[in-house]
>>> print(open('my_file-v8.cif').read())   # mmCIF, C-alpha atoms
data_final
loop_
_atom_site.label_atom_id
_atom_site.label_comp_id
_atom_site.auth_asym_id
_atom_site.auth_seq_id
_atom_site.Cartn_x
_atom_site.Cartn_y
_atom_site.Cartn_z
CA MET A 68 0.00 0.00 0.00
CA SER A 69 1.35 3.44 -0.95
CA GLU A 70 2.03 6.19 1.60
CA ARG A 71 -0.74 8.36 0.11
CA ALA A 72 -3.26 5.50 0.27
CA ARG A 73 -2.37 4.91 3.91
CA ILE A 74 -2.83 8.59 4.71
CA GLU A 75 -6.14 8.76 2.88
CA SER A 76 -7.53 5.89 4.94
CA GLU A 77 -6.72 7.33 8.39
CA GLU A 78 -9.69 6.91 10.72
CA VAL A 79 -10.40 9.83 13.02
CA ILE A 80 -12.33 10.55 16.22
CA VAL A 81 -13.43 14.21 16.42
CA VAL A 82 -13.56 15.82 19.88
CA GLY A 83 -15.03 19.22 20.76
CA VAL A 84 -15.93 21.29 23.82
CA LYS A 85 -18.97 23.58 23.74
CA THR A 86 -18.27 26.49 26.08
CA ASN A 87 -20.90 28.73 27.70
CA ASP A 88 -20.23 31.61 25.31
CA MET A 89 -21.06 29.46 22.27
CA THR A 90 -24.56 28.67 20.97
CA GLU A 91 -25.47 25.08 20.17
CA GLU A 92 -25.88 26.06 16.53
CA ASP A 93 -22.44 27.71 16.28
CA PHE A 94 -20.84 24.71 17.99
CA GLU A 95 -22.44 22.30 15.51
CA TYR A 96 -21.28 24.44 12.57
CA ARG A 97 -17.70 24.40 13.86
CA LEU A 98 -17.78 20.64 14.38
CA ASP A 99 -19.11 20.17 10.85
CA GLU A 100 -16.34 22.41 9.57
CA LEU A 101 -13.73 20.34 11.42
CA LYS A 102 -15.14 17.19 9.82
CA ALA A 103 -14.93 18.83 6.40
CA LEU A 104 -11.32 19.86 7.12
CA THR A 105 -10.54 16.29 8.18
CA LYS A 106 -12.00 14.99 4.92
CA THR A 107 -9.95 17.53 2.95
CA ALA A 108 -6.82 16.29 4.73
CA GLY A 109 -7.65 12.73 3.72
CA GLY A 110 -9.14 11.38 6.95
CA GLN A 111 -12.36 9.52 7.63
CA VAL A 112 -14.40 10.58 10.68
CA LEU A 113 -15.58 7.52 12.64
CA MET A 114 -17.17 9.19 15.68
CA THR A 115 -17.72 12.56 17.34
CA LEU A 116 -17.34 13.15 21.08
CA ALA A 117 -18.68 16.43 22.49
CA GLN A 118 -18.75 17.90 25.98
CA ASN A 119 -20.47 20.96 27.51
CA ARG A 120 -18.13 22.87 29.83
CA GLU A 121 -17.72 26.41 31.08
CA ARG A 122 -14.26 26.31 29.54
CA PRO A 123 -11.88 23.59 28.27
CA ASP A 124 -9.94 21.71 30.95
CA ARG A 125 -6.49 23.26 31.36
CA ALA A 126 -4.76 19.91 31.61
CA THR A 127 -6.59 17.64 29.16
CA TYR A 128 -9.05 19.90 27.26
CA ILE A 129 -11.95 17.55 28.15
CA GLY A 130 -12.78 16.40 31.68
CA LYS A 131 -11.41 13.20 33.26
CA GLY A 132 -14.66 11.31 32.69
CA LYS A 133 -14.64 12.17 29.00
CA VAL A 134 -10.97 11.15 28.75
CA GLU A 135 -11.94 7.68 30.02
CA GLU A 136 -14.88 7.59 27.59
CA LEU A 137 -12.57 8.58 24.73
CA LYS A 138 -10.07 5.93 25.77
CA ALA A 139 -12.81 3.27 25.51
CA ILE A 140 -13.85 4.54 22.06
CA ILE A 141 -10.24 4.36 20.85
CA GLU A 142 -9.92 0.77 22.05
CA GLU A 143 -13.22 -0.16 20.42
CA THR A 144 -12.55 1.51 17.06
CA GLU A 145 -8.75 0.95 17.02
CA SER A 146 -8.38 4.51 15.78
CA GLU A 147 -4.90 6.03 16.11
CA LEU A 148 -5.86 9.66 15.55
CA VAL A 149 -7.92 12.10 17.66
CA MET A 150 -8.86 15.49 16.14
CA ILE A 151 -9.50 18.36 18.58
CA ASN A 152 -11.82 21.24 17.64
CA ASP A 153 -9.57 23.94 19.18
CA GLU A 154 -5.90 24.86 19.43
CA LEU A 155 -4.28 22.95 22.28
CA SER A 156 -1.51 24.13 24.58
CA SER A 157 1.70 22.09 24.68
CA SER A 158 0.75 20.72 28.13
CA GLN A 159 -2.70 19.65 26.88
CA VAL A 160 -1.09 17.83 23.95
CA ARG A 161 1.41 16.18 26.27
CA ASN A 162 -1.20 15.09 28.84
CA LEU A 163 -3.70 13.79 26.28
CA THR A 164 -0.98 11.90 24.41
CA LYS A 165 0.17 10.31 27.68
CA GLU A 166 -3.40 9.31 28.62
CA LEU A 167 -4.50 8.01 25.21
CA ASP A 168 -1.25 6.89 23.55
CA VAL A 169 -2.48 7.96 20.11
CA LYS A 170 -1.71 10.84 17.80
CA ILE A 171 -3.44 14.06 18.92
CA ILE A 172 -4.04 16.71 16.25
CA ASP A 173 -5.68 20.05 17.03
CA ARG A 174 -7.59 22.34 14.67
CA THR A 175 -4.56 24.53 13.99
CA GLN A 176 -2.29 21.62 13.11
CA LEU A 177 -4.96 20.20 10.82
CA ILE A 178 -5.26 23.47 8.89
CA LEU A 179 -1.46 23.68 8.65
CA ASP A 180 -1.43 20.12 7.31
CA ILE A 181 -3.96 20.97 4.60
CA PHE A 182 -1.88 23.99 3.61
CA ALA A 183 1.19 21.75 3.37
CA LYS A 184 -0.74 19.36 1.16
CA ARG A 185 -2.04 22.15 -1.10
CA ALA A 186 1.02 24.41 -1.44
CA GLN A 187 2.36 24.38 -4.99
CA SER A 188 4.70 27.35 -5.41
CA LYS A 189 8.07 27.69 -3.73
CA GLU A 190 6.75 30.68 -1.78
CA GLY A 191 3.68 28.76 -0.62
CA LYS A 192 5.74 25.80 0.56
CA LEU A 193 8.15 28.05 2.45
CA GLN A 194 5.28 29.95 4.09
CA VAL A 195 3.61 26.73 5.21
CA GLU A 196 6.83 25.27 6.56
CA LEU A 197 7.55 28.44 8.52
CA ALA A 198 4.04 28.35 10.00
CA GLN A 199 4.36 24.65 10.87
CA LEU A 200 7.72 25.13 12.55
CA SER A 201 6.42 28.14 14.51
CA TYR A 202 3.56 25.97 15.73
CA LEU A 203 5.74 22.92 16.35
CA LEU A 204 8.58 24.53 18.29
CA PRO A 205 6.84 24.90 21.69
CA ARG A 206 5.14 21.49 21.31
CA LEU A 207 8.10 19.24 20.59
CA ARG A 208 7.92 17.46 23.92
CA GLY A 209 4.16 16.96 23.67
CA GLN A 210 3.93 14.74 20.61
CA GLY A 211 7.37 13.59 19.63
CA HIS A 212 7.29 9.94 20.66
CA VAL A 213 3.83 9.25 19.22
CA LEU A 214 4.44 10.94 15.86
CA SER A 215 7.80 9.22 15.61
CA ARG A 216 6.17 5.85 16.37
CA LEU A 217 3.28 6.31 13.92
CA GLY A 218 5.24 7.77 11.01
CA GLY A 219 3.31 9.67 8.31
CA GLY A 220 -0.29 10.73 8.17
CA ILE A 221 -2.45 13.75 8.90
CA GLY A 222 -0.53 16.42 10.78
CA THR A 223 2.90 15.18 9.73
CA ARG A 224 3.18 16.56 6.20
CA GLY A 225 5.68 19.34 5.58
CA PRO A 226 8.47 19.20 8.18
CA GLY A 227 6.82 16.15 9.78
CA GLU A 228 8.49 13.77 12.16
CA THR A 229 12.04 14.39 10.92
CA GLN A 230 11.90 17.90 12.41
CA LEU A 231 10.80 16.42 15.74
CA GLU A 232 14.05 14.48 15.98
CA ILE A 233 16.29 17.53 15.87
CA ASP A 234 16.74 20.05 18.61
CA GLN A 235 15.18 23.49 18.94
CA ARG A 236 18.32 25.28 17.83
CA HIS A 237 18.24 23.56 14.44
CA ILE A 238 14.55 24.39 14.03
CA ARG A 239 15.24 28.05 14.80
CA ASP A 240 18.10 28.02 12.28
CA ARG A 241 15.77 26.59 9.66
CA MET A 242 13.15 29.24 10.45
CA THR A 243 15.77 31.97 10.04
CA ASP A 244 16.79 30.48 6.69
CA ILE A 245 13.15 30.35 5.50
CA ARG A 246 12.55 33.97 6.54
CA ARG A 247 15.64 34.99 4.57
CA GLN A 248 14.36 33.18 1.46
CA LEU A 249 10.88 34.68 1.89
CA GLU A 250 12.35 38.19 2.13
CA GLN A 251 13.71 37.72 -1.40
CA VAL A 252 10.32 36.47 -2.62
CA VAL A 253 8.56 39.38 -0.91
CA ALA A 254 10.94 41.85 -2.60
CA HIS A 255 10.20 40.24 -5.98
CA ARG A 256 6.44 40.38 -5.33
CA ALA A 257 6.74 44.06 -4.32
CA ARG A 258 8.58 44.86 -7.58
CA TYR A 259 5.85 43.03 -9.53
CA ARG A 260 3.14 45.01 -7.72
CA GLU A 261 4.96 48.28 -8.43
CA ARG A 262 5.14 47.36 -12.12
CA ARG A 263 1.38 46.73 -12.15
CA LYS A 264 0.77 50.05 -10.37
CA HIS A 265 3.00 51.80 -12.92
CA ASN A 266 0.89 50.31 -15.73
CA GLN A 267 -2.15 51.92 -14.03
CA THR A 268 -4.31 48.80 -14.30
CA PHE A 269 -7.26 48.73 -11.90
CA GLN A 270 -6.83 45.84 -9.45
CA ILE A 271 -9.64 43.81 -7.89
CA ALA A 272 -9.04 41.23 -5.13
CA LEU A 273 -11.34 38.26 -4.57
CA VAL A 274 -11.56 37.49 -0.86
CA GLY A 275 -13.87 35.25 1.11
CA TYR A 276 -14.32 32.32 3.41
CA THR A 277 -12.76 29.10 2.17
CA ASN A 278 -14.90 27.27 -0.40
CA ALA A 279 -17.14 30.30 -1.01
CA GLY A 280 -16.55 29.94 -4.76
CA LYS A 281 -13.80 32.51 -5.45
CA SER A 282 -11.87 30.33 -7.92
CA THR A 283 -15.08 29.36 -9.71
CA LEU A 284 -15.97 33.04 -10.05
CA LEU A 285 -12.47 33.93 -11.30
CA ARG A 286 -12.68 31.25 -13.96
CA ALA A 287 -16.19 32.27 -14.98
CA LEU A 288 -15.37 35.98 -15.28
CA SER A 289 -12.00 35.53 -17.00
CA LYS A 290 -12.87 32.44 -19.09
CA ALA A 291 -9.55 31.03 -17.92
CA GLU A 292 -8.66 27.60 -16.60
CA THR A 293 -8.02 27.75 -12.86
CA LEU A 294 -8.17 25.05 -10.20
CA VAL A 295 -11.74 24.61 -8.99
CA GLU A 296 -12.52 22.02 -6.30
CA ASP A 297 -15.39 21.63 -3.86
CA GLN A 298 -12.94 21.41 -0.98
CA LEU A 299 -11.62 23.70 1.71
CA PHE A 300 -8.44 25.62 0.80
CA ALA A 301 -8.34 24.50 -2.84
CA THR A 302 -6.42 27.72 -3.65
CA LEU A 303 -3.30 28.82 -1.76
CA ASP A 304 -1.23 30.74 -4.30
CA PRO A 305 -2.61 34.05 -5.65
CA THR A 306 -3.83 33.80 -9.26
CA THR A 307 -4.28 36.98 -11.33
CA LYS A 308 -6.29 37.18 -14.56
CA GLN A 309 -7.31 40.08 -16.80
CA ILE A 310 -11.02 40.62 -17.39
CA LYS A 311 -12.91 43.04 -19.62
CA LEU A 312 -15.92 44.92 -18.21
CA PRO A 313 -18.99 46.04 -20.25
CA SER A 314 -17.60 49.47 -21.18
CA GLY A 315 -14.41 47.82 -22.48
CA ILE A 316 -12.08 48.70 -19.58
CA ASN A 317 -9.56 46.01 -18.65
CA VAL A 318 -9.03 45.21 -14.96
CA LEU A 319 -6.94 42.65 -13.07
CA LEU A 320 -8.76 40.13 -10.87
CA THR A 321 -6.73 38.28 -8.21
CA ASP A 322 -7.89 35.15 -6.37
CA THR A 323 -6.56 34.83 -2.81
CA VAL A 324 -6.31 32.16 -0.14
CA GLY A 325 -9.60 31.44 1.63
CA PHE A 326 -10.16 32.58 5.22
CA ILE A 327 -11.54 30.46 8.04
CA GLN A 328 -12.64 30.95 11.64
CA GLN A 329 -9.63 30.82 13.98
CA LEU A 330 -7.18 30.94 11.08
CA PRO A 331 -3.90 30.09 12.83
CA THR A 332 -1.92 33.22 13.71
CA THR A 333 1.24 31.47 12.50
CA LEU A 334 -0.37 31.16 9.06
CA VAL A 335 -1.51 34.79 8.98
CA ALA A 336 2.04 35.83 9.83
CA ALA A 337 3.66 33.46 7.32
CA PHE A 338 1.24 34.34 4.51
CA ARG A 339 1.31 38.07 5.15
CA SER A 340 3.23 38.78 1.93
CA THR A 341 0.59 36.86 -0.05
CA LEU A 342 -2.23 38.62 1.77
CA GLU A 343 -0.58 41.95 0.89
CA GLU A 344 -2.25 41.45 -2.53
CA VAL A 345 -5.52 42.37 -0.80
CA LYS A 346 -4.08 45.61 0.64
CA GLU A 347 -2.89 46.72 -2.79
CA ALA A 348 -6.30 46.26 -4.43
CA ASP A 349 -8.44 49.15 -5.68
CA LEU A 350 -11.62 47.16 -5.05
CA ILE A 351 -12.42 44.06 -2.99
CA LEU A 352 -14.99 41.50 -4.11
CA HIS A 353 -16.02 39.77 -0.87
CA VAL A 354 -17.43 36.42 -2.03
CA VAL A 355 -19.90 34.78 0.39
CA ASP A 356 -21.49 31.33 0.15
CA ALA A 357 -25.12 32.50 0.42
CA ALA A 358 -26.36 28.93 0.78
CA HIS A 359 -24.24 28.18 3.85
CA PRO A 360 -26.29 28.28 7.07
CA ASP A 361 -23.45 30.04 8.91
CA PHE A 362 -22.72 32.65 6.21
CA VAL A 363 -23.13 35.57 8.66
CA ASN A 364 -20.23 34.30 10.81
CA HIS A 365 -18.22 33.61 7.66
CA GLU A 366 -18.68 37.24 6.63
CA LYS A 367 -17.60 38.44 10.08
CA THR A 368 -14.46 36.25 9.97
CA VAL A 369 -13.42 37.79 6.65
CA ASN A 370 -14.24 41.34 7.79
CA ASP A 371 -12.16 40.87 10.95
CA LEU A 372 -9.17 39.63 8.97
CA LEU A 373 -9.47 42.48 6.47
CA SER A 374 -9.41 44.84 9.45
CA GLU A 375 -6.30 43.06 10.77
CA LEU A 376 -4.65 43.57 7.37
CA ASP A 377 -5.53 47.31 7.44
CA ALA A 378 -7.62 46.88 4.28
CA GLU A 379 -10.77 48.57 5.62
CA ARG A 380 -10.25 51.71 3.53
CA ILE A 381 -10.68 49.76 0.27
CA PRO A 382 -14.18 49.79 -1.29
CA VAL A 383 -16.00 46.44 -1.00
CA LEU A 384 -18.66 44.83 -3.16
CA LYS A 385 -20.19 41.76 -1.51
CA VAL A 386 -20.93 38.94 -3.91
CA TYR A 387 -23.39 36.45 -2.46
CA ASN A 388 -22.63 33.33 -4.48
CA LYS A 389 -24.40 29.96 -4.97
CA ARG A 390 -27.85 31.47 -5.54
CA ASP A 391 -28.76 28.23 -7.33
CA ARG A 392 -28.44 26.34 -4.02
CA LEU A 393 -30.82 28.55 -2.03
CA THR A 394 -34.06 26.92 -0.93
CA GLY A 395 -35.86 30.03 0.37
CA ASP A 396 -35.66 33.82 0.52
CA PHE A 397 -32.24 35.38 1.07
CA PHE A 398 -31.53 38.54 3.04
CA PRO A 399 -28.02 40.03 2.88
CA ALA A 400 -26.23 40.88 6.11
CA GLY A 401 -25.67 44.61 6.54
CA ASP A 402 -26.41 47.37 4.05
CA SER A 403 -23.22 47.51 1.97
CA PRO A 404 -23.41 47.19 -1.86
CA SER A 405 -24.03 43.58 -2.86
CA ALA A 406 -25.05 41.21 -5.64
CA LEU A 407 -26.76 37.81 -5.38
CA ILE A 408 -25.46 35.47 -8.09
CA SER A 409 -24.64 31.99 -9.22
CA ALA A 410 -21.16 31.78 -10.75
CA HIS A 411 -22.61 29.23 -13.19
CA ASN A 412 -25.29 31.61 -14.55
CA GLU A 413 -24.25 33.81 -17.49
CA GLN A 414 -26.92 36.45 -16.85
CA ASP A 415 -25.84 36.72 -13.21
CA LEU A 416 -22.23 37.15 -14.33
CA SER A 417 -23.26 39.90 -16.80
CA ASN A 418 -25.16 41.68 -14.03
CA LEU A 419 -22.12 41.36 -11.74
CA ARG A 420 -19.83 42.94 -14.35
CA VAL A 421 -22.23 45.89 -14.56
CA LYS A 422 -22.33 46.14 -10.76
CA ILE A 423 -18.51 46.09 -10.57
CA GLU A 424 -18.35 48.95 -13.05
CA ALA A 425 -20.99 50.90 -11.14
CA THR A 426 -18.95 50.46 -7.94
CA MET A 427 -15.83 51.65 -9.75
CA GLU A 428 -17.66 54.73 -11.07
CA LYS A 429 -18.30 55.88 -7.50
CA GLU A 430 -14.54 55.88 -6.87
CA PHE A 431 -13.64 57.40 -10.24
CA ALA A 432 -13.80 61.02 -11.38
CA PRO A 433 -15.95 62.06 -14.38
CA TYR A 434 -14.36 63.44 -17.54
CA TYR A 435 -15.70 65.19 -20.64
CA VAL A 436 -13.33 65.68 -23.54
CA HIS A 437 -13.16 66.31 -27.31
CA ILE A 438 -11.05 63.93 -29.40
CA GLU A 439 -10.07 64.84 -32.95
CA ALA A 440 -11.07 62.39 -35.69
CA TRP A 441 -7.45 61.49 -36.37
CA GLU A 442 -6.70 60.67 -32.70
CA GLY A 443 -7.72 57.00 -32.90
CA LYS A 444 -5.08 55.98 -30.40
CA TRP A 445 -6.71 58.21 -27.76
CA LEU A 446 -10.11 56.59 -28.33
CA HIS A 447 -8.55 53.14 -27.93
CA ARG A 448 -6.88 54.13 -24.65
CA LEU A 449 -10.07 55.63 -23.26
CA LYS A 450 -11.96 52.41 -24.02
CA GLU A 451 -9.39 50.19 -22.30
CA GLU A 452 -8.24 52.42 -19.43
CA THR A 453 -11.43 54.24 -18.42
CA ILE A 454 -15.16 53.57 -18.10
CA LEU A 455 -16.32 55.06 -21.39
CA VAL A 456 -20.01 56.00 -21.06
CA GLU A 457 -20.73 58.01 -24.20
CA ARG A 458 -19.01 58.67 -27.53
CA THR A 459 -20.61 60.79 -30.26
CA PHE A 460 -19.14 62.12 -33.51
CA ASP A 461 -19.70 65.74 -34.57
CA GLU A 462 -19.47 65.67 -38.38
CA GLU A 463 -19.41 69.45 -38.67
CA ARG A 464 -16.45 69.92 -36.31
CA GLU A 465 -14.93 66.51 -37.14
CA HIS A 466 -14.30 65.46 -33.58
CA TYR A 467 -15.63 63.00 -31.02
CA THR A 468 -17.28 64.11 -27.80
CA VAL A 469 -16.41 61.56 -25.15
CA ARG A 470 -17.77 61.24 -21.62
CA GLY A 471 -16.79 58.73 -18.94
CA TYR A 472 -15.06 58.03 -15.65
CA ALA A 473 -11.37 57.57 -14.87
CA SER A 474 -9.39 56.74 -11.76
CA PRO A 475 -8.12 60.02 -10.22
CA THR A 476 -4.75 58.36 -9.57
CA SER A 477 -4.28 57.15 -13.16
CA ALA A 478 -1.93 58.72 -15.67
CA ILE A 479 -4.67 58.98 -18.31
CA TYR A 480 -6.88 61.07 -15.99
CA HIS A 481 -4.16 63.71 -15.61
CA GLU A 482 -3.50 63.65 -19.36
CA LEU A 483 -7.24 64.17 -19.95
CA LYS A 484 -7.28 67.19 -17.63
CA LYS A 485 -4.41 68.75 -19.58
CA LYS A 486 -6.14 67.94 -22.89
CA SER A 487 -9.49 69.43 -21.85
CA THR A 488 -7.71 72.59 -20.59
CA SER A 489 -5.79 73.09 -23.81
CA SER A 490 -8.74 72.43 -26.14
#
>>> encode(input="my_file-v8.cif", output="structure tokens")
Amino acid sequence: MSERARIESEEVIVVGVKTNDMTEEDFEYRLDELKALTKTAGGQVLMTLAQNRERPDRATYIGKGKVEELKAIIEETESELVMINDELSSSQVRNLTKELDVKIIDRTQLILDIFAKRAQSKEGKLQVELAQLSYLLPRLRGQGHVLSRLGGGIGTRGPGETQLEIDQRHIRDRMTDIRRQLEQVVAHRARYRERRKHNQTFQIALVGYTNAGKSTLLRALSKAETLVEDQLFATLDPTTKQIKLPSGINVLLTDTVGFIQQLPTTLVAAFRSTLEEVKEADLILHVVDAAHPDFVNHEKTVNDLLSELDAERIPVLKVYNKRDRLTGDFFPAGDSPSALISAHNEQDLSNLRVKIEATMEKEFAPYYVHIEAWEGKWLHRLKEETILVERTFDEEREHYTVRGYASPTSAIYHELKKKSTSS
């Protein structure tokens, strides 16, 4: 049996604690999300064990009685992996491992594992490894002997068990080396962004909760082939495509990594250079899975992370996706500009393009200019670099009267102001 086949068949027991500050509904949503994450990582959930507590036990996360109950379930099912619905402290990992003698994986480690599985680019792999090592360093004593005994599997991709066998100094050295390599990548990405800014192309960032349909929307709007999977974190590396809006203006649309509740801080830190794409955008399309029962919390998670990235100043158009999966009426959260669509419906996509342009118009400045009949190059630029609303030809004066909207920061807007002053 291959290593991948063995990983795919790992059987998992999911464990969660519902605290007093959490509703039953929210708790169930988070457990369901953990099961979906487990499936994405290649595991198979056998059973779920839940406990109501004021707060998780400091020593073992769940109470002593539940530990004994879990021990019996492990013996009965012969499972060698327990998945915890929160981030554990090093002492909790150590105590649970000692009590149960199986591999203990918490929510954070599971997400890190999925990122390790999904990372394709050199930058992505380095970012994931840095995040894993940051998480692993204080927990070396907690899991070492079990992970070493069990070998591969969920939670051991990336640096895995080999890193557990070396001392903390070597791990810190490796982290320093990764940061040095990432600095070079970040510098390259910054130069690329500056080049795009210099070209004055309007930039739109797709953000949203994981599996909201961002990649599907990117492919539908750009008619390009991009990875689309009905799984959590299908996209890790930013993908940028050019799309043409109804007036003819070309804009850049960038897909970004999906967000999730309790996204590990080590990942946010490691992926900060990738997330910088969001900060540099002129417009954010916040894609929301309208059919998900917990979409309001998903929205809040994304809004909180945008705030953390200092991206609140950027205009946002909310795109409520998966209209085709709705079974009843839908009411958007909040009163910000929004569109309800299905990324698989051409009319919805046409309406969205119009809505994007209308949102851009609010941020742009109007212009009114005369273009001589022989200035064809100017007309072409206005069509591709501005939102051209009206163009009429005056046969008597042999010039075009053109009206539209242009970004106040663009080079063409300043050229237009000079042209209208001189004419």
>>> atom_distance(input="my_file-v8.cif", atom1="atom CA of A:Leu384", atom2="atom CA of A:Ile423")
7.5 Å
>>> atom_distance(input="my_file-v8.cif", atom1="atom CA of A:Ile181", atom2="atom CA of A:Thr105")
8.8 Å
>>> resolve_selection(input="my_file-v8.cif", expression="the PyMOL selection byres ((chain A and resi 405) around 12)", output="list of chain:residue names")
A:Ile351, A:Leu352, A:His353, A:Val354, A:Val355, A:Ala357, A:Pro382, A:Val383, A:Leu384, A:Lys385, A:Val386, A:Tyr387, A:Asn388, A:Phe398, A:Pro399, A:Ala400, A:Gly401, A:Asp402, A:Ser403, A:Pro404, A:Ala406, A:Leu407, A:Ile408, A:Asn418, A:Leu419, A:Lys422, A:Ile423, A:Ala425, A:Thr426
>>> atom_distance(input="my_file-v8.cif", atom1="atom CA of A:Glu166", atom2="atom CA of A:Val79")
17.1 Å
>>> residues_around(input="my_file-v8.cif", residues="A:Gly275", least_positions_apart="5", cutoff="9 Å", atoms="all atoms listed in the file", output="VMD selection string")
chain A and resid 280 to 281 323 to 327 352 to 356 365 to 366 368 to 369
>>> resolve_selection(input="my_file-v8.cif", expression="the PyMOL selection byres ((chain A and resi 120) around 12)", output="list in words")
Gly83, Val84, Lys85, Thr86, Asn87, Asp88, Met89, Ala117, Gln118, Asn119, Glu121, Arg122, Pro123, Asp124, Arg125, Tyr128, Ile129, Gly130 and Lys133 of chain A
>>> resolve_selection(input="my_file-v8.cif", expression="the PyMOL selection byres ((chain A and resi 155) around 12)", output="mmCIF file with C-alpha atoms, in the frame of the given file")
data_model
loop_
_atom_site.group_PDB
_atom_site.id
_atom_site.type_symbol
_atom_site.label_atom_id
_atom_site.label_comp_id
_atom_site.auth_asym_id
_atom_site.auth_seq_id
_atom_site.Cartn_x
_atom_site.Cartn_y
_atom_site.Cartn_z
ATOM 1 C CA VAL A 82 -13.560 15.820 19.880
ATOM 2 C CA GLY A 83 -15.030 19.220 20.760
ATOM 3 C CA VAL A 84 -15.930 21.290 23.820
ATOM 4 C CA PRO A 123 -11.880 23.590 28.270
ATOM 5 C CA ASP A 124 -9.940 21.710 30.950
ATOM 6 C CA ARG A 125 -6.490 23.260 31.360
ATOM 7 C CA ALA A 126 -4.760 19.910 31.610
ATOM 8 C CA THR A 127 -6.590 17.640 29.160
ATOM 9 C CA TYR A 128 -9.050 19.900 27.260
ATOM 10 C CA ILE A 129 -11.950 17.550 28.150
ATOM 11 C CA MET A 150 -8.860 15.490 16.140
ATOM 12 C CA ILE A 151 -9.500 18.360 18.580
ATOM 13 C CA ASN A 152 -11.820 21.240 17.640
ATOM 14 C CA ASP A 153 -9.570 23.940 19.180
ATOM 15 C CA GLU A 154 -5.900 24.860 19.430
ATOM 16 C CA SER A 156 -1.510 24.130 24.580
ATOM 17 C CA SER A 157 1.700 22.090 24.680
ATOM 18 C CA SER A 158 0.750 20.720 28.130
ATOM 19 C CA GLN A 159 -2.700 19.650 26.880
ATOM 20 C CA VAL A 160 -1.090 17.830 23.950
ATOM 21 C CA ARG A 161 1.410 16.180 26.270
ATOM 22 C CA ASN A 162 -1.200 15.090 28.840
ATOM 23 C CA LEU A 163 -3.700 13.790 26.280
ATOM 24 C CA THR A 164 -0.980 11.900 24.410
ATOM 25 C CA ILE A 171 -3.440 14.060 18.920
ATOM 26 C CA ILE A 172 -4.040 16.710 16.250
ATOM 27 C CA ASP A 173 -5.680 20.050 17.030
ATOM 28 C CA ARG A 174 -7.590 22.340 14.670
ATOM 29 C CA THR A 175 -4.560 24.530 13.990
ATOM 30 C CA GLN A 176 -2.290 21.620 13.110
ATOM 31 C CA LEU A 177 -4.960 20.200 10.820
ATOM 32 C CA TYR A 202 3.560 25.970 15.730
ATOM 33 C CA LEU A 203 5.740 22.920 16.350
ATOM 34 C CA PRO A 205 6.840 24.900 21.690
ATOM 35 C CA ARG A 206 5.140 21.490 21.310
ATOM 36 C CA GLY A 209 4.160 16.960 23.670
ATOM 37 C CA GLN A 210 3.930 14.740 20.610
ATOM 38 C CA PRO A 331 -3.900 30.090 12.830
#
>>> residues_around(input="my_file-v8.cif", residues="stretch 308-321 of chain A", least_positions_apart="3", cutoff="6 Å", atoms="all atoms listed in the file", output="ChimeraX atom specification")
/A:268-273,289,420,450-455
>>> closest_residue(input="my_file-v8.cif", among="A:Phe182, A:Trp441, A:Tyr480, A:Phe431", to="A:His466", atoms="all atoms listed in the file")
A:Trp441
>>> closest_atom_pairs(input="my_file-v8.cif", of="stretch 377-422 of chain A", to="stretch 358-364 of chain A", cutoff="7 Å", atoms="only C-alpha atoms", output="JSON lines")
{"residue": "A:Lys389", "atom": "CA", "partner": "A:Ala358", "partner_atom": "CA", "distance": 6.2}
{"residue": "A:Arg390", "atom": "CA", "partner": "A:Ala358", "partner_atom": "CA", "distance": 7.0}
{"residue": "A:Arg392", "atom": "CA", "partner": "A:Ala358", "partner_atom": "CA", "distance": 5.8}
{"residue": "A:Leu393", "atom": "CA", "partner": "A:Ala358", "partner_atom": "CA", "distance": 5.3}
{"residue": "A:Ala400", "atom": "CA", "partner": "A:Val363", "partner_atom": "CA", "distance": 6.7}
>>> residues_around(input="my_file-v8.cif", residues="A:Asp377", least_positions_apart="4", cutoff="9 Å", atoms="all atoms listed in the file", output="list in words")
Lys346, Leu372 and Leu373 of chain A
>>> closest_atom_pairs(input="my_file-v8.cif", of="stretch 105-126 of chain A", to="stretch 184-196 of chain A", cutoff="10 Å", atoms="all atoms listed in the file", output="JSON lines")
{"residue": "A:Thr107", "atom": "CA", "partner": "A:Lys184", "partner_atom": "CA", "distance": 9.6}
{"residue": "A:Ala108", "atom": "CA", "partner": "A:Lys184", "partner_atom": "CA", "distance": 7.7}
{"residue": "A:Gly109", "atom": "CA", "partner": "A:Lys184", "partner_atom": "CA", "distance": 9.9}
>>> residues_around(input="my_file-v8.cif", residues="A:Leu197", least_positions_apart="4", cutoff="8 Å", atoms="all atoms listed in the file", output="mmCIF file with C-alpha atoms, in the frame of the given file")
data_model
loop_
_atom_site.group_PDB
_atom_site.id
_atom_site.type_symbol
_atom_site.label_atom_id
_atom_site.label_comp_id
_atom_site.auth_asym_id
_atom_site.auth_seq_id
_atom_site.Cartn_x
_atom_site.Cartn_y
_atom_site.Cartn_z
ATOM 1 C CA LEU A 193 8.150 28.050 2.450
ATOM 2 C CA SER A 201 6.420 28.140 14.510
ATOM 3 C CA MET A 242 13.150 29.240 10.450
ATOM 4 C CA ILE A 245 13.150 30.350 5.500
ATOM 5 C CA ARG A 246 12.550 33.970 6.540
ATOM 6 C CA ALA A 337 3.660 33.460 7.320
#
>>> closest_residue(input="my_file-v8.cif", among="A:Val149, A:Ala440, A:Leu376, A:Leu101", to="A:Glu462", atoms="only C-alpha atoms")
A:Ala440
>>> closest_residue(input="my_file-v8.cif", among="A:Leu416, A:Leu116, A:Gln329, A:Arg470", to="A:Leu285", atoms="all atoms listed in the file")
A:Leu416
